[in-house]
Amino acid sequence: MSFKRAFLIVLDSCGCGELPDAADYGDKGANTLKSISTSSKFDIHTLKKLGMFNIDGVDYLEGDDNHTATVCRFMEASKGKDTTIGHWEISGIISPKPLPTYPHGFPQDILDKFSEATGRGVLCNKPYSGTEVIKDYGEQHMKTGDLIVYTSADSVFQIAAHEDIVPIEQLYEYCRIARNILVGEHGVGRVIARPFIGEPGNFSRTSNRHDFSIEPPHNTILDDMKSAGLDVIAIGKIFDIFAGKGITEKTYTTCNADGMVKTLEYVDKDFTGLCFTNLVDFDMQYGHRNNVDGYANALTEFDRWLPSFMERMRDDDVLMITADHGCDPGYTCSTDHSREHIPFIMYGKNIKAVNLGTRKTYSDIGKTIADMFNVKTEISGESFLDEVVK
């Protein structure tokens, strides 16, 4: 069986239950899907029909005995629970150790190098909520011009600045400076530009966020597909996550709705290869803000969009829906990512409706995509294509 196009959509942070080692990460009991399923805004008939509720561990929802897609859940073999590690593993890289994190802030020598290169001072330098940090430091930033530098439980160096004080392109240049400093033992997963607008007491972040990621340590399925002459289309922050490696075409998005519109545009285009989409609002807007209803409503909106996509699919297309980690909005003792299994749905005219149970690594997704396009690769994982093709 030959395939022409694969559409891989990551519902950023939509985990489906704690991993066996979740307690080691402070995430015992976390379950993103279960938390949002309690909301009155949760209404996902299409995903249910595909088999979302038949996935291992989703015993709190009634499955569909006649589901129409291949389903399973994946364990994370890498050490970590963030966007970079998760997407890398999906694409075939298992990370034996987590990227560095800074629960007590960044070392002074790093900040000194950053300040010397930018000519600006630094405020905060702590793990902080992105919305709270601009409330607490935004006015001082506007008065002094110093940059708000903060982190989280993830491997990130985040720079917040008011768009009237630091123009967007200047902020991006500061991020590039930080990216060049943060290497080796301090090679964080992402340097993130976090621009905001407004007045003291009424600040808000803008959609001009931009991620500057560390390069993957070796080739992913994206690199191998590109080398084979196939298209690799990145929608949303995929291009940034992979630092542009293995991408043949990119388009950024401003929100989930924009991501869905742009993905729908590609189903009507002629290409051969992979269209890789990340829908970030689940994580950024709702998971990190403990907004159960908002998260549930966002998944409902995705569910309502799905039929318009599926009806446009061609006979040699495959749709894959998954996540990259958890971010349980009902886990009120934390606003951080959670160490969870991720759900997986694979749908197409030539794909069986089977349940593959629980698999050991996200990398099986990348290896299966390689099999679909007969791409030679040395990435991690095991293909399950033979088990699901009609």
# chains A, B, ... in the order shown; residues from 1 in each chain; ligands from 1
call {"tool": "select_by_dssp", "arguments": {"residues": "segment 12-138 of chain A", "states": "helix (DSSP H, G or I)", "output": "ChimeraX atom specification"}}
result
/A:22-25,32-37,45-50,52-54,83-90,108-118,130-138
call {"tool": "closest_atom_pairs", "arguments": {"of": "segment 40-95 of chain A", "to": "segment 268-281 of chain A", "cutoff": "12 Å", "atoms": "only C-alpha atoms", "output": "JSON lines"}}
result
{"residue": "A:Thr83", "atom": "CA", "partner": "A:Val280", "partner_atom": "CA", "distance": 9.9}
{"residue": "A:Thr84", "atom": "CA", "partner": "A:Asn278", "partner_atom": "CA", "distance": 11.9}
{"residue": "A:Gly86", "atom": "CA", "partner": "A:Asn278", "partner_atom": "CA", "distance": 11.9}
{"residue": "A:His87", "atom": "CA", "partner": "A:Asn278", "partner_atom": "CA", "distance": 9.6}
{"residue": "A:Ile90", "atom": "CA", "partner": "A:Phe276", "partner_atom": "CA", "distance": 11.1}
{"residue": "A:Ser91", "atom": "CA", "partner": "A:Phe276", "partner_atom": "CA", "distance": 10.5}
call {"tool": "residues_around", "arguments": {"residues": "segment 283-290 of chain A", "least_positions_apart": "6", "cutoff": "9 Å", "atoms": "only C-alpha atoms", "output": "NGL selection string"}}
result
:A and (11-14 or 32 or 129 or 296 or 298 or 326-332 or 334-337)
call {"tool": "atom_distance", "arguments": {"atom1": "atom CA of Ser207 of chain A", "atom2": "atom CA of Glu116 of chain A"}}
result
28.3 Å
call {"tool": "residues_around", "arguments": {"residues": "Leu47 of chain A", "least_positions_apart": "6", "cutoff": "9 Å", "atoms": "only C-alpha atoms", "output": "PyMOL selection string"}}
result
chain A and resi 53+303+306+345
call {"tool": "closest_residue", "arguments": {"among": "A:Lys226, A:Glu340, A:Thr368, A:Gly80", "to": "Lys34 of chain A", "atoms": "only C-alpha atoms"}}
result
A:Glu340
call {"tool": "select_by_dssp", "arguments": {"residues": "segment 68-194 of chain A", "states": "strand (DSSP E)", "output": "PyMOL selection string"}}
result
chain A and resi 70-74+122-127+147-151+156-162+190-194
call {"tool": "residues_around", "arguments": {"residues": "Lys367 of chain A", "least_positions_apart": "3", "cutoff": "6 Å", "atoms": "only C-alpha atoms", "output": "number ranges by chain"}}
result
A: 364, 370, 381-383
call {"tool": "residues_around", "arguments": {"residues": "Phe203 of chain A", "least_positions_apart": "2", "cutoff": "10 Å", "atoms": "only C-alpha atoms", "output": "CSV table (one decimal) with C-alpha atoms, in the first residue's frame"}}
result
chain,number,residue,atom,x,y,z
A,131,THR,CA,0.8,36.3,32.9
A,132,GLU,CA,1.8,37.0,36.5
A,134,ILE,CA,4.2,41.0,33.5
A,135,LYS,CA,1.8,42.1,36.2
A,138,GLY,CA,5.9,45.1,33.6
A,139,GLU,CA,5.8,48.6,35.1
A,162,HIS,CA,6.6,45.6,26.1
A,196,PHE,CA,3.2,42.2,25.7
A,197,ILE,CA,1.2,45.4,25.4
A,198,GLY,CA,-1.0,47.6,27.6
A,199,GLU,CA,-0.6,49.8,30.7
A,200,PRO,CA,0.3,48.9,34.3
A,201,GLY,CA,-2.6,47.0,35.7
A,205,ARG,CA,0.6,39.1,26.0
A,206,THR,CA,0.4,39.3,22.2
call {"tool": "residues_around", "arguments": {"residues": "Ala22 of chain A", "least_positions_apart": "4", "cutoff": "10 Å", "atoms": "only C-alpha atoms", "output": "list of chain:residue names"}}
result
A:Gly17, A:Glu18, A:Gly26, A:Asp27, A:Lys28, A:Gly29, A:Ala30, A:Lys81, A:Ser338, A:Arg339, A:Glu340, A:His341
call {"tool": "decode", "arguments": {"residues": "segment 23-38 of chain A", "atoms": "all heavy atoms", "output": "short mmCIF file (atom, residue, chain, number, x, y, z; two decimals), in the first residue's frame"}}
result
data_model
loop_
_atom_site.label_atom_id
_atom_site.label_comp_id
_atom_site.auth_asym_id
_atom_site.auth_seq_id
_atom_site.Cartn_x
_atom_site.Cartn_y
_atom_site.Cartn_z
N ALA A 23 5.16 10.11 39.43
CA ALA A 23 5.48 10.61 40.78
C ALA A 23 6.88 11.18 40.85
O ALA A 23 7.14 12.12 41.62
CB ALA A 23 5.31 9.49 41.80
N ASP A 24 7.80 10.66 40.05
CA ASP A 24 9.17 11.17 40.04
C ASP A 24 9.23 12.60 39.52
O ASP A 24 10.21 13.31 39.77
CB ASP A 24 10.07 10.29 39.16
CG ASP A 24 10.21 8.87 39.68
OD1 ASP A 24 9.93 8.65 40.88
OD2 ASP A 24 10.60 7.98 38.91
N TYR A 25 8.19 13.00 38.79
CA TYR A 25 8.13 14.34 38.22
C TYR A 25 7.14 15.23 38.97
O TYR A 25 6.84 16.33 38.53
CB TYR A 25 7.71 14.24 36.75
CG TYR A 25 8.74 13.59 35.86
CD1 TYR A 25 8.90 12.20 35.85
CD2 TYR A 25 9.56 14.34 35.03
CE1 TYR A 25 9.84 11.60 35.03
CE2 TYR A 25 10.51 13.74 34.21
CZ TYR A 25 10.64 12.36 34.22
OH TYR A 25 11.59 11.76 33.41
N GLY A 26 6.61 14.72 40.09
CA GLY A 26 5.64 15.47 40.86
C GLY A 26 4.25 15.49 40.25
O GLY A 26 3.45 16.39 40.53
N ASP A 27 3.94 14.46 39.43
CA ASP A 27 2.69 14.47 38.66
C ASP A 27 1.77 13.29 38.97
O ASP A 27 0.93 12.93 38.13
CB ASP A 27 3.01 14.47 37.16
CG ASP A 27 3.75 15.72 36.72
OD1 ASP A 27 3.51 16.78 37.32
OD2 ASP A 27 4.58 15.64 35.80
N LYS A 28 1.91 12.69 40.13
CA LYS A 28 1.06 11.55 40.45
C LYS A 28 -0.40 11.96 40.39
O LYS A 28 -0.81 12.95 40.99
CB LYS A 28 1.40 11.01 41.83
CG LYS A 28 0.63 9.74 42.18
CD LYS A 28 1.13 9.12 43.46
CE LYS A 28 0.32 7.87 43.84
NZ LYS A 28 0.34 6.85 42.78
N GLY A 29 -1.20 11.19 39.64
CA GLY A 29 -2.63 11.45 39.52
C GLY A 29 -3.02 12.37 38.39
O GLY A 29 -4.21 12.56 38.13
N ALA A 30 -2.06 12.94 37.69
CA ALA A 30 -2.38 13.87 36.60
C ALA A 30 -3.07 13.13 35.46
O ALA A 30 -2.68 12.02 35.08
CB ALA A 30 -1.12 14.55 36.08
N ASN A 31 -4.09 13.74 34.89
CA ASN A 31 -4.81 13.15 33.76
C ASN A 31 -5.57 14.27 33.05
O ASN A 31 -6.69 14.61 33.42
CB ASN A 31 -5.77 12.06 34.23
CG ASN A 31 -6.33 11.24 33.08
OD1 ASN A 31 -6.53 11.75 31.98
ND2 ASN A 31 -6.60 9.97 33.32
N THR A 32 -4.95 14.82 32.03
CA THR A 32 -5.51 15.97 31.32
C THR A 32 -6.88 15.66 30.73
O THR A 32 -7.85 16.41 30.93
CB THR A 32 -4.55 16.45 30.22
OG1 THR A 32 -3.29 16.81 30.83
CG2 THR A 32 -5.11 17.64 29.48
N LEU A 33 -6.98 14.56 29.98
CA LEU A 33 -8.25 14.23 29.32
C LEU A 33 -9.36 13.99 30.34
O LEU A 33 -10.50 14.45 30.15
CB LEU A 33 -8.07 13.00 28.43
CG LEU A 33 -9.29 12.59 27.61
CD1 LEU A 33 -9.71 13.69 26.64
CD2 LEU A 33 -9.01 11.29 26.84
N LYS A 34 -9.04 13.31 31.42
CA LYS A 34 -10.06 13.03 32.43
C LYS A 34 -10.55 14.33 33.07
O LYS A 34 -11.76 14.51 33.28
CB LYS A 34 -9.50 12.10 33.50
CG LYS A 34 -10.55 11.65 34.51
CD LYS A 34 -9.99 10.60 35.47
CE LYS A 34 -11.06 10.10 36.42
NZ LYS A 34 -10.53 9.06 37.34
N SER A 35 -9.64 15.25 33.36
CA SER A 35 -10.04 16.51 33.97
C SER A 35 -10.99 17.30 33.09
O SER A 35 -12.01 17.81 33.55
CB SER A 35 -8.80 17.36 34.30
OG SER A 35 -8.09 16.83 35.39
N ILE A 36 -10.67 17.39 31.81
CA ILE A 36 -11.52 18.20 30.94
C ILE A 36 -12.84 17.50 30.61
O ILE A 36 -13.82 18.15 30.28
CB ILE A 36 -10.80 18.64 29.65
CG1 ILE A 36 -10.40 17.44 28.78
CG2 ILE A 36 -9.57 19.47 29.99
CD1 ILE A 36 -9.79 17.84 27.45
N SER A 37 -12.85 16.16 30.76
CA SER A 37 -14.09 15.42 30.47
C SER A 37 -15.17 15.71 31.49
O SER A 37 -16.35 15.42 31.26
CB SER A 37 -13.82 13.91 30.42
OG SER A 37 -13.57 13.38 31.72
N THR A 38 -14.80 16.32 32.62
CA THR A 38 -15.80 16.65 33.65
C THR A 38 -16.52 17.97 33.36
O THR A 38 -17.48 18.31 34.03
CB THR A 38 -15.12 16.77 35.03
OG1 THR A 38 -14.18 17.87 35.01
CG2 THR A 38 -14.37 15.50 35.39
#
